[in-house]
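Colleague: I am attaching a structure below and will ask some questions about it afterwards.
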Amino acid sequence: MPPAPDAPPSPDLPSGVPDALLGEYAPFGNVALDDAERWPTLTPDGAARLDALRHHPAAPVWVHATGDRLTADDLPVLAATARRFAGADSGRDAGPRDDGRDDAGPGAALRTGTSRTTAGRDVPAWVTDLVERAHTVVPRYRRARDQRRSHARSPLDDLPPVTRDDLRADLASFVPVDVDLSRVLEGTSSGSTGAAVVVPLHPVAVAADLALLHLLVRDAGAAWVPHEDRLGLANLVDQRAAFTYASAMTGFDAASGRAASDVAVPLMARVNLDPGAWRDPADRSTFLRGTDPQVLSSSPLPLLALADLDAREGLGLHPVAVVSGAAHLTPPARARLRAAWGVPVIDLYGLRETGAVASRADDGPFVVVPRRVWVEILSDDGTPVPDGSPGEVVVTTDENPYLPLLRYRTGDRARLVRPHGPGGRVELHDLEGRSPVRYLHADGRWLGSVDATQVLQAAGIAAWQLHQRADGTIDLTVVPDAPAGGAPSGHGPGGASGSGGPAAGSAAHALRRWIGRDVVVTVTTPARLGHGRARRYSSDVPSGQA
């Protein structure tokens with residue numbers, strides 16, 4: 001049972017985790033594996049270097065331990081996946097299966113060629129194969145087959161689009177029955193409206209993100225060569241509570257498409273820039289200066305915060321590339337990051353459910369990445385729109401064997417421009433994704449929207465919109481985590497009559513403690529809030545909205 005909304009901060013949480021609702025961030029509260037299980041291929045030298053990073057005298061308060069879980073058998077599959085990405089990027093045939101297995105596991109390349117949808121569009125053959133396979137092994141589509149709503153040879157656009165509400169309601173129906181679930185990793189996604197969805201992931205599918213990152217860094221003109229005295233990668237957050245950890249990238253060589261080399265396995269860390277996440281606030285600069293990460297990865301606001309910190313305290317960072325994701329990177333923000341470090345700034349668009357979808361290294365259109373991903377644009381009623389017309393981005397992907405997705409609605413909007421002939425690049429223009437928003441505390445501090453996500457999810461809110469008026473008042477529109485139709489509509493001050501029950505009241509109390517301002521709650525239904533197309537965070541306070 002969750003703690004009462006007015007419970008004091010738990011004494012066993014570090015200073016960066018002040019709220020009892022966020023007890024999951026207690027240091028090492030859910031440790032279940034040892035290092036040999038986290039990194040099956042880590043050498044003794046790599047283990048010693050990782051241990052030194054964990055015990056760095058200025059290290060942050062590590063609150064988690066996690067590894068890539070890659071086995072020796074996984075590494076050739078990962079290397080083949082990296083080569084497939086590179087081949088698709090250069091317009092070459094993707095070639096035969098990467099792993100030689102019968103299942104559509106990570107890295108598997110399906111037959112080449114195209115087939116046509118009912119709308120007259122050619123789709124890659126792997127899409128047709130995925131539709132056929134889904135009707136054989138994915139419960140949702142087997143049920144549709146048995147009920148004669150669709151079949152193995154149905155054109156893609158005859159299949160109804162999928163929403164994150166579908167995943168929340170019955171995730172198991174999307175997981176193929178023929179995959180080995182013994183290696184499932186869990187990821188979470190808060191999406192565009194806030195409801196957390198647990199996403200099953202395969203270790204090779206996760207490591208394939210590193211292979212894609214290698215390719216994008218290379219295409220941007222940078223060289224990412226490991227250096228044993230530097231962090232290979234720093235994943236940055238800037239929020240009051242976050243999982244932080246040190247790790248080793250044992251798949252780095254394979255993800256670059258190479259066989260094992262003599263270069264030491266590069267290390268990475270997830271680091272919270274919030275001063276409360278460190279034993280001594282001065283340790284933050286000492287640690288970053290001493291580890292000098294080669295690639296900086298985060299969303300725009302933490303990256304801008306690090307650029308300011310570097311300029312203010314002379315950290316002397318010299319990354320080879322910066323990768324921004326999770327929120328819209330504005331041209332001024334890109335220019336600021338380029339000015340800070342003089343390196344490529346890669347803007348990566350995707351979702352946890354789908355993986356990476358598109359990227360860009362300038363302020364032009366996004367380019368669909370060379371993964372097994374197919375993008376459509378649909379109108380609000382779910383019908384395809386002509387290429388070049390605006391609509392909702394809908395993704396079909398078959399990179400994660402535990403969660404193949406057919407026509408997944410992202411909630412983001414764009415225009416799709418396809419090449420007229422074979423090859424060429426598929427572009428997303430005018431992409432309207434999630435803009436970075438921050439909120440002004442009553443004491444003048446700026447607070448990130450990620451903190452609000454943690455508060456509202458912990459309070460049991462299924463979906464929400466959070467807006468700060470120009471006078472500082474907070475408007476919270478919520479869908480409590482209750483069965484459809486189970487929560488009445490109404491509004492009033494947080495916790496007051498009409499606020500929609502315990503979940504809404506808990507959320508209002510927690511938000512009030514978080515921001516020190518009045519909170520006005522409106523309870524609504526999923527249909528009224530929208531299916532991810534409405535903006536989750538917004539602000540009328542100057543400098544609050546990017």
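Chain identifiers are assigned as A, B, and so on, following the order in which chains appear in the structure tokens; residues are numbered from 1 within each chain, and ligands are numbered from 1 in order of appearance.
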As a VMD selection string, please: all residues of region 121-260 of chain A that backbone DSSP puts in strand (DSSP E).
Modeller: chain A and resid 122 to 124 185 to 189 197 to 201 233 to 237 245 to 248
Colleague: Would you save the residues of that selection, restricted to N, CA and C atoms, as an mmCIF file, in the first residue's frame?
Modeller:
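Final file, result_6.cif:
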data_model
loop_
_atom_site.group_PDB
_atom_site.id
_atom_site.type_symbol
_atom_site.label_atom_id
_atom_site.label_comp_id
_atom_site.auth_asym_id
_atom_site.auth_seq_id
_atom_site.Cartn_x
_atom_site.Cartn_y
_atom_site.Cartn_z
ATOM 1 N N ASP A 122 3.943 0.842 -51.444
ATOM 2 C CA ASP A 122 4.817 -0.310 -51.302
ATOM 3 C C ASP A 122 5.391 -0.327 -49.895
ATOM 4 N N VAL A 123 5.373 -1.497 -49.265
ATOM 5 C CA VAL A 123 5.978 -1.648 -47.944
ATOM 6 C C VAL A 123 7.084 -2.688 -48.050
ATOM 7 N N PRO A 124 8.092 -2.630 -47.195
ATOM 8 C CA PRO A 124 9.153 -3.644 -47.222
ATOM 9 C C PRO A 124 8.585 -5.031 -46.972
ATOM 10 N N LEU A 185 14.086 -8.214 -20.145
ATOM 11 C CA LEU A 185 14.408 -7.041 -19.350
ATOM 12 C C LEU A 185 13.182 -6.144 -19.357
ATOM 13 N N GLU A 186 12.985 -5.376 -18.303
ATOM 14 C CA GLU A 186 11.827 -4.489 -18.223
ATOM 15 C C GLU A 186 12.251 -3.042 -18.414
ATOM 16 N N GLY A 187 11.579 -2.383 -19.348
ATOM 17 C CA GLY A 187 11.702 -0.945 -19.488
ATOM 18 C C GLY A 187 10.352 -0.331 -19.206
ATOM 19 N N THR A 188 10.325 0.967 -18.946
ATOM 20 C CA THR A 188 9.051 1.649 -18.730
ATOM 21 C C THR A 188 8.966 2.858 -19.633
ATOM 22 N N SER A 189 7.756 3.214 -19.979
ATOM 23 C CA SER A 189 7.496 4.372 -20.822
ATOM 24 C C SER A 189 6.334 5.141 -20.234
ATOM 25 N N VAL A 197 3.856 2.361 -18.940
ATOM 26 C CA VAL A 197 3.684 1.052 -19.555
ATOM 27 C C VAL A 197 4.987 0.293 -19.395
ATOM 28 N N VAL A 198 4.912 -0.943 -18.922
ATOM 29 C CA VAL A 198 6.094 -1.795 -18.833
ATOM 30 C C VAL A 198 6.336 -2.414 -20.203
ATOM 31 N N VAL A 199 7.561 -2.266 -20.698
ATOM 32 C CA VAL A 199 7.911 -2.753 -22.029
ATOM 33 C C VAL A 199 8.918 -3.891 -21.892
ATOM 34 N N PRO A 200 8.589 -5.106 -22.362
ATOM 35 C CA PRO A 200 9.558 -6.206 -22.322
ATOM 36 C C PRO A 200 10.626 -6.007 -23.390
ATOM 37 N N LEU A 201 11.884 -6.163 -23.013
ATOM 38 C CA LEU A 201 12.997 -5.911 -23.919
ATOM 39 C C LEU A 201 13.956 -7.098 -23.920
ATOM 40 N N LEU A 233 30.356 6.843 -22.274
ATOM 41 C CA LEU A 233 29.027 7.431 -22.427
ATOM 42 C C LEU A 233 28.527 7.894 -21.072
ATOM 43 N N ALA A 234 27.951 9.074 -21.035
ATOM 44 C CA ALA A 234 27.253 9.549 -19.840
ATOM 45 C C ALA A 234 25.817 9.852 -20.220
ATOM 46 N N ASN A 235 24.898 9.153 -19.571
ATOM 47 C CA ASN A 235 23.475 9.429 -19.739
ATOM 48 C C ASN A 235 23.066 10.342 -18.593
ATOM 49 N N LEU A 236 22.598 11.541 -18.919
ATOM 50 C CA LEU A 236 22.381 12.584 -17.924
ATOM 51 C C LEU A 236 20.905 12.810 -17.649
ATOM 52 N N VAL A 237 20.583 13.035 -16.390
ATOM 53 C CA VAL A 237 19.271 13.521 -15.989
ATOM 54 C C VAL A 237 19.503 14.699 -15.045
ATOM 55 N N TYR A 245 23.610 4.862 -11.946
ATOM 56 C CA TYR A 245 24.404 3.643 -11.864
ATOM 57 C C TYR A 245 25.647 3.773 -12.736
ATOM 58 N N ALA A 246 26.623 2.927 -12.458
ATOM 59 C CA ALA A 246 27.806 2.759 -13.294
ATOM 60 C C ALA A 246 27.688 1.421 -14.007
ATOM 61 N N SER A 247 28.160 1.360 -15.245
ATOM 62 C CA SER A 247 28.006 0.131 -16.011
ATOM 63 C C SER A 247 29.145 -0.007 -17.013
ATOM 64 N N ALA A 248 29.210 -1.178 -17.637
ATOM 65 C CA ALA A 248 30.209 -1.465 -18.666
ATOM 66 C C ALA A 248 29.497 -1.809 -19.966
#
Colleague: DSSP on the backbone, then: every residue of region 141-209 of chain A marked alpha helix (DSSP H), written as a ChimeraX atom specification.
Modeller: /A:141-146,164-169,203-209
Colleague: Find the spatial neighbours of Leu213 (chain A), counting only C-alpha atoms, within a cut-off of 9 Å - ignore same-chain residues fewer than 4 positions away - and output them as a ChimeraX atom specification.
Modeller: /A:208-209,217-218,255,323
Colleague: Take the residues from that selection and put them in a file with C-alpha atoms, as a tab-separated table (two decimals), in the first residue's frame.
Modeller:
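Wrote selection_31.tsv, looks like this:
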chain	number	residue	atom	x	y	z
A	208	ALA	CA	21.32	-2.57	-30.75
A	209	ASP	CA	20.63	1.00	-29.63
A	217	VAL	CA	27.91	9.41	-34.59
A	218	ARG	CA	29.94	8.19	-37.55
A	255	ALA	CA	27.93	-2.76	-31.80
A	323	VAL	CA	22.81	13.02	-28.39
Colleague: Nearest to Val368 (chain A) among A:Arg336, A:Arg413, A:Arg418, A:Arg84, with distances taken over only C-alpha atoms: which residue is it?
Modeller: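 That would be A:Arg418, the residue with the smallest distance to Val368 (chain A).
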Colleague: When you look at Val271 (chain A) with a cut-off of 12 Å (counting only C-alpha atoms), what residues show up, excluding the ones that are within fewer than 6 positions of it in the same chain? I need them as a tab-separated table (two decimals) with N, CA and C atoms, in the first residue's frame.
Modeller:
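Printed below is part-v8.tsv as written:
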chain	number	residue	atom	x	y	z
A	54	ARG	N	32.79	2.87	-9.72
A	54	ARG	CA	31.77	2.85	-8.67
A	54	ARG	C	32.28	3.52	-7.39
A	59	ALA	N	32.22	10.20	-6.83
A	59	ALA	CA	31.07	9.59	-7.52
A	59	ALA	C	29.76	10.05	-6.91
A	60	PRO	N	28.71	10.10	-7.72
A	60	PRO	CA	27.38	10.42	-7.17
A	60	PRO	C	26.89	9.30	-6.27
A	61	VAL	N	25.75	9.51	-5.66
A	61	VAL	CA	25.12	8.46	-4.87
A	61	VAL	C	24.48	7.48	-5.86
A	62	TRP	N	25.14	6.36	-6.09
A	62	TRP	CA	24.56	5.36	-6.98
A	62	TRP	C	23.35	4.73	-6.29
A	63	VAL	N	22.23	4.66	-6.99
A	63	VAL	CA	21.02	4.08	-6.38
A	63	VAL	C	20.53	2.84	-7.11
A	64	HIS	N	21.33	2.37	-8.06
A	64	HIS	CA	20.89	1.21	-8.84
A	64	HIS	C	22.12	0.48	-9.37
A	231	LEU	N	35.03	8.11	-19.54
A	231	LEU	CA	33.75	7.42	-19.69
A	231	LEU	C	33.41	7.35	-21.18
A	233	LEU	N	30.36	6.84	-22.27
A	233	LEU	CA	29.03	7.43	-22.43
A	233	LEU	C	28.53	7.89	-21.07
A	234	ALA	N	27.95	9.07	-21.04
A	234	ALA	CA	27.25	9.55	-19.84
A	234	ALA	C	25.82	9.85	-20.22
A	235	ASN	N	24.90	9.15	-19.57
A	235	ASN	CA	23.47	9.43	-19.74
A	235	ASN	C	23.07	10.34	-18.59
A	236	LEU	N	22.60	11.54	-18.92
A	236	LEU	CA	22.38	12.58	-17.92
A	236	LEU	C	20.91	12.81	-17.65
A	237	VAL	N	20.58	13.03	-16.39
A	237	VAL	CA	19.27	13.52	-15.99
A	237	VAL	C	19.50	14.70	-15.04
A	238	ASP	N	18.48	15.48	-14.83
A	238	ASP	CA	18.56	16.60	-13.90
A	238	ASP	C	17.21	16.70	-13.21
A	239	GLN	N	17.03	15.90	-12.17
A	239	GLN	CA	15.74	15.80	-11.50
A	239	GLN	C	15.96	15.37	-10.06
A	240	ARG	N	14.94	15.50	-9.25
A	240	ARG	CA	15.15	15.26	-7.82
A	240	ARG	C	15.36	13.80	-7.49
A	241	ALA	N	14.86	12.88	-8.30
A	241	ALA	CA	15.00	11.45	-8.03
A	241	ALA	C	15.19	10.72	-9.34
A	242	ALA	N	16.17	9.85	-9.38
A	242	ALA	CA	16.44	9.11	-10.61
A	242	ALA	C	17.31	7.90	-10.30
A	243	PHE	N	17.16	6.86	-11.11
A	243	PHE	CA	18.09	5.74	-11.03
A	243	PHE	C	19.44	6.19	-11.57
A	244	THR	N	20.49	6.06	-10.79
A	244	THR	CA	21.85	6.34	-11.23
A	244	THR	C	22.68	5.09	-11.04
A	245	TYR	N	23.61	4.86	-11.95
A	245	TYR	CA	24.40	3.64	-11.86
A	245	TYR	C	25.65	3.77	-12.74
A	246	ALA	N	26.62	2.93	-12.46
A	246	ALA	CA	27.81	2.76	-13.29
A	246	ALA	C	27.69	1.42	-14.01
A	247	SER	N	28.16	1.36	-15.24
A	247	SER	CA	28.01	0.13	-16.01
A	247	SER	C	29.15	-0.01	-17.01
A	277	ALA	N	21.83	14.83	-5.54
A	277	ALA	CA	22.19	13.46	-5.88
A	277	ALA	C	23.65	13.14	-5.57
A	278	TRP	N	24.35	14.08	-4.95
A	278	TRP	CA	25.78	13.92	-4.66
A	278	TRP	C	26.03	14.05	-3.16
A	283	ASP	N	31.24	17.62	-5.60
A	283	ASP	CA	31.65	16.38	-6.26
A	283	ASP	C	31.16	16.30	-7.70
A	284	ARG	N	30.06	16.96	-7.97
A	284	ARG	CA	29.50	16.89	-9.33
A	284	ARG	C	30.53	17.34	-10.37
A	285	SER	N	31.12	18.51	-10.16
A	285	SER	CA	32.11	19.02	-11.11
A	285	SER	C	33.38	18.18	-11.10
A	287	PHE	N	33.71	14.97	-10.45
A	287	PHE	CA	33.48	13.70	-11.13
A	287	PHE	C	33.43	13.89	-12.64
A	288	LEU	N	32.67	14.86	-13.10
A	288	LEU	CA	32.53	15.07	-14.54
A	288	LEU	C	33.85	15.50	-15.17
A	291	THR	N	36.13	12.29	-15.32
A	291	THR	CA	35.74	11.19	-16.21
A	291	THR	C	35.56	11.63	-17.66
A	293	PRO	N	33.26	12.44	-20.19
A	293	PRO	CA	32.56	11.48	-21.07
A	293	PRO	C	32.74	11.78	-22.55
A	296	LEU	N	27.75	12.44	-24.71
A	296	LEU	CA	26.78	12.94	-23.73
A	296	LEU	C	25.39	12.68	-24.28
A	297	SER	N	24.56	12.00	-23.51
A	297	SER	CA	23.23	11.63	-23.97
A	297	SER	C	22.21	12.06	-22.93
A	298	SER	N	21.17	12.77	-23.38
A	298	SER	CA	20.13	13.23	-22.46
A	298	SER	C	19.01	13.88	-23.26
A	302	PRO	N	18.64	18.92	-19.43
A	302	PRO	CA	19.88	18.54	-18.74
A	302	PRO	C	21.14	18.85	-19.55
A	303	LEU	N	21.09	18.71	-20.87
A	303	LEU	CA	22.25	19.04	-21.68
A	303	LEU	C	22.58	20.53	-21.58
A	306	LEU	N	24.16	21.17	-18.26
A	306	LEU	CA	25.57	20.77	-18.23
A	306	LEU	C	26.44	21.77	-18.98
Colleague: Between A:Ala222, A:Leu159, A:Ala47, A:Ile346, which is the closest to Thr383 (chain A) once you count only C-alpha atoms?
Modeller: A:Leu159
Colleague: Near Arg445 (chain A), counting only C-alpha atoms, which residues have an atom at most 12 Å away, once you skip same-chain residues fewer than 4 positions from it, shown as a list in words?
Modeller: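 Once the adjacent positions are removed, what remains is Arg438, Tyr439, Leu440, His441, Trp514, Ile515, Gly516 and Gly544 of chain A.
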Colleague: Could you list, as a list in words, every residue within 6 Å of Asp412 (chain A), counting only C-alpha atoms and ignoring same-chain residues fewer than 2 positions away?
Modeller: Glu392, Val393, Thr410, Glu432 and Gly433 of chain A
Colleague: Include N, CA and C atoms and write out the residues we just selected as an mmCIF file, in the first residue's frame.
Modeller:
data_model
loop_
_atom_site.group_PDB
_atom_site.id
_atom_site.type_symbol
_atom_site.label_atom_id
_atom_site.label_comp_id
_atom_site.auth_asym_id
_atom_site.auth_seq_id
_atom_site.Cartn_x
_atom_site.Cartn_y
_atom_site.Cartn_z
ATOM 1 N N GLU A 392 -0.837 12.054 -37.581
ATOM 2 C CA GLU A 392 -0.174 11.388 -36.465
ATOM 3 C C GLU A 392 0.844 10.368 -36.959
ATOM 4 N N VAL A 393 1.998 10.346 -36.318
ATOM 5 C CA VAL A 393 3.054 9.393 -36.655
ATOM 6 C C VAL A 393 2.671 8.015 -36.113
ATOM 7 N N THR A 410 1.866 6.944 -32.040
ATOM 8 C CA THR A 410 2.826 7.586 -31.140
ATOM 9 C C THR A 410 2.253 8.777 -30.400
ATOM 10 N N GLU A 432 6.118 17.369 -34.421
ATOM 11 C CA GLU A 432 5.648 17.980 -33.180
ATOM 12 C C GLU A 432 5.687 16.917 -32.099
ATOM 13 N N GLY A 433 6.784 16.844 -31.398
ATOM 14 C CA GLY A 433 6.942 15.870 -30.327
ATOM 15 C C GLY A 433 6.714 16.505 -28.981
#
Colleague: With distances taken over only C-alpha atoms, which residue among A:Arg409, A:Arg121, A:His202, A:Arg352 lies nearest Asp157 (chain A)?
Modeller: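 Checking each candidate against Asp157 (chain A), we get A:Arg121 as the closest.
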Colleague: Would you work out the distance separating CA of His328 (chain A) from CA of Val385 (chain A), expressed in Å to one decimal?
Modeller: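 Between CA of His328 (chain A) and CA of Val385 (chain A) the gap is 23.8 Å.
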Colleague: Give the answer as one residue: which of A:Gly444, A:Leu403, A:Asp387, A:Leu304 has the shortest atom-to-atom distance to His420 (chain A), using only C-alpha atoms?
Modeller: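 Comparing A:Gly444, A:Leu403, A:Asp387, A:Leu304 against His420 (chain A), the winner is A:Asp387.
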Colleague: Rounded to one decimal, what separation in Å do you get between CA of Ala470 (chain A) and CA of Arg513 (chain A)?
Modeller: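 Those two atoms sit 19.4 Å apart.
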Colleague: Could you jot down the CA of Ala333 (chain A) to CA of Asp475 (chain A) separation for me, Å, one decimal place?
Modeller: 27.5 Å
Colleague: Which of these residues is nearest to Leu50 (chain A), using only C-alpha atoms: A:Ala358, A:Ala335, A:Leu267, A:Ala82?
Modeller: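 Between A:Ala358, A:Ala335, A:Leu267, A:Ala82, the residue approaching Leu50 (chain A) most closely is A:Leu267.
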Colleague: Quick one: contact table of region 174-281 of chain A to region 127-147 of chain A, 9 Å max, nearest atom pair and distance in Å to one decimal per residue, counting only C-alpha atoms, chain and number order, as a tab-separated table?
Modeller:
residue	atom	partner	partner_atom	distance
A:Phe174	CA	A:Val138	CA	5.8
A:Val175	CA	A:Val138	CA	6.0
A:Pro176	CA	A:Val138	CA	4.4
A:Val177	CA	A:Val137	CA	5.4
A:Asp178	CA	A:Val137	CA	6.5
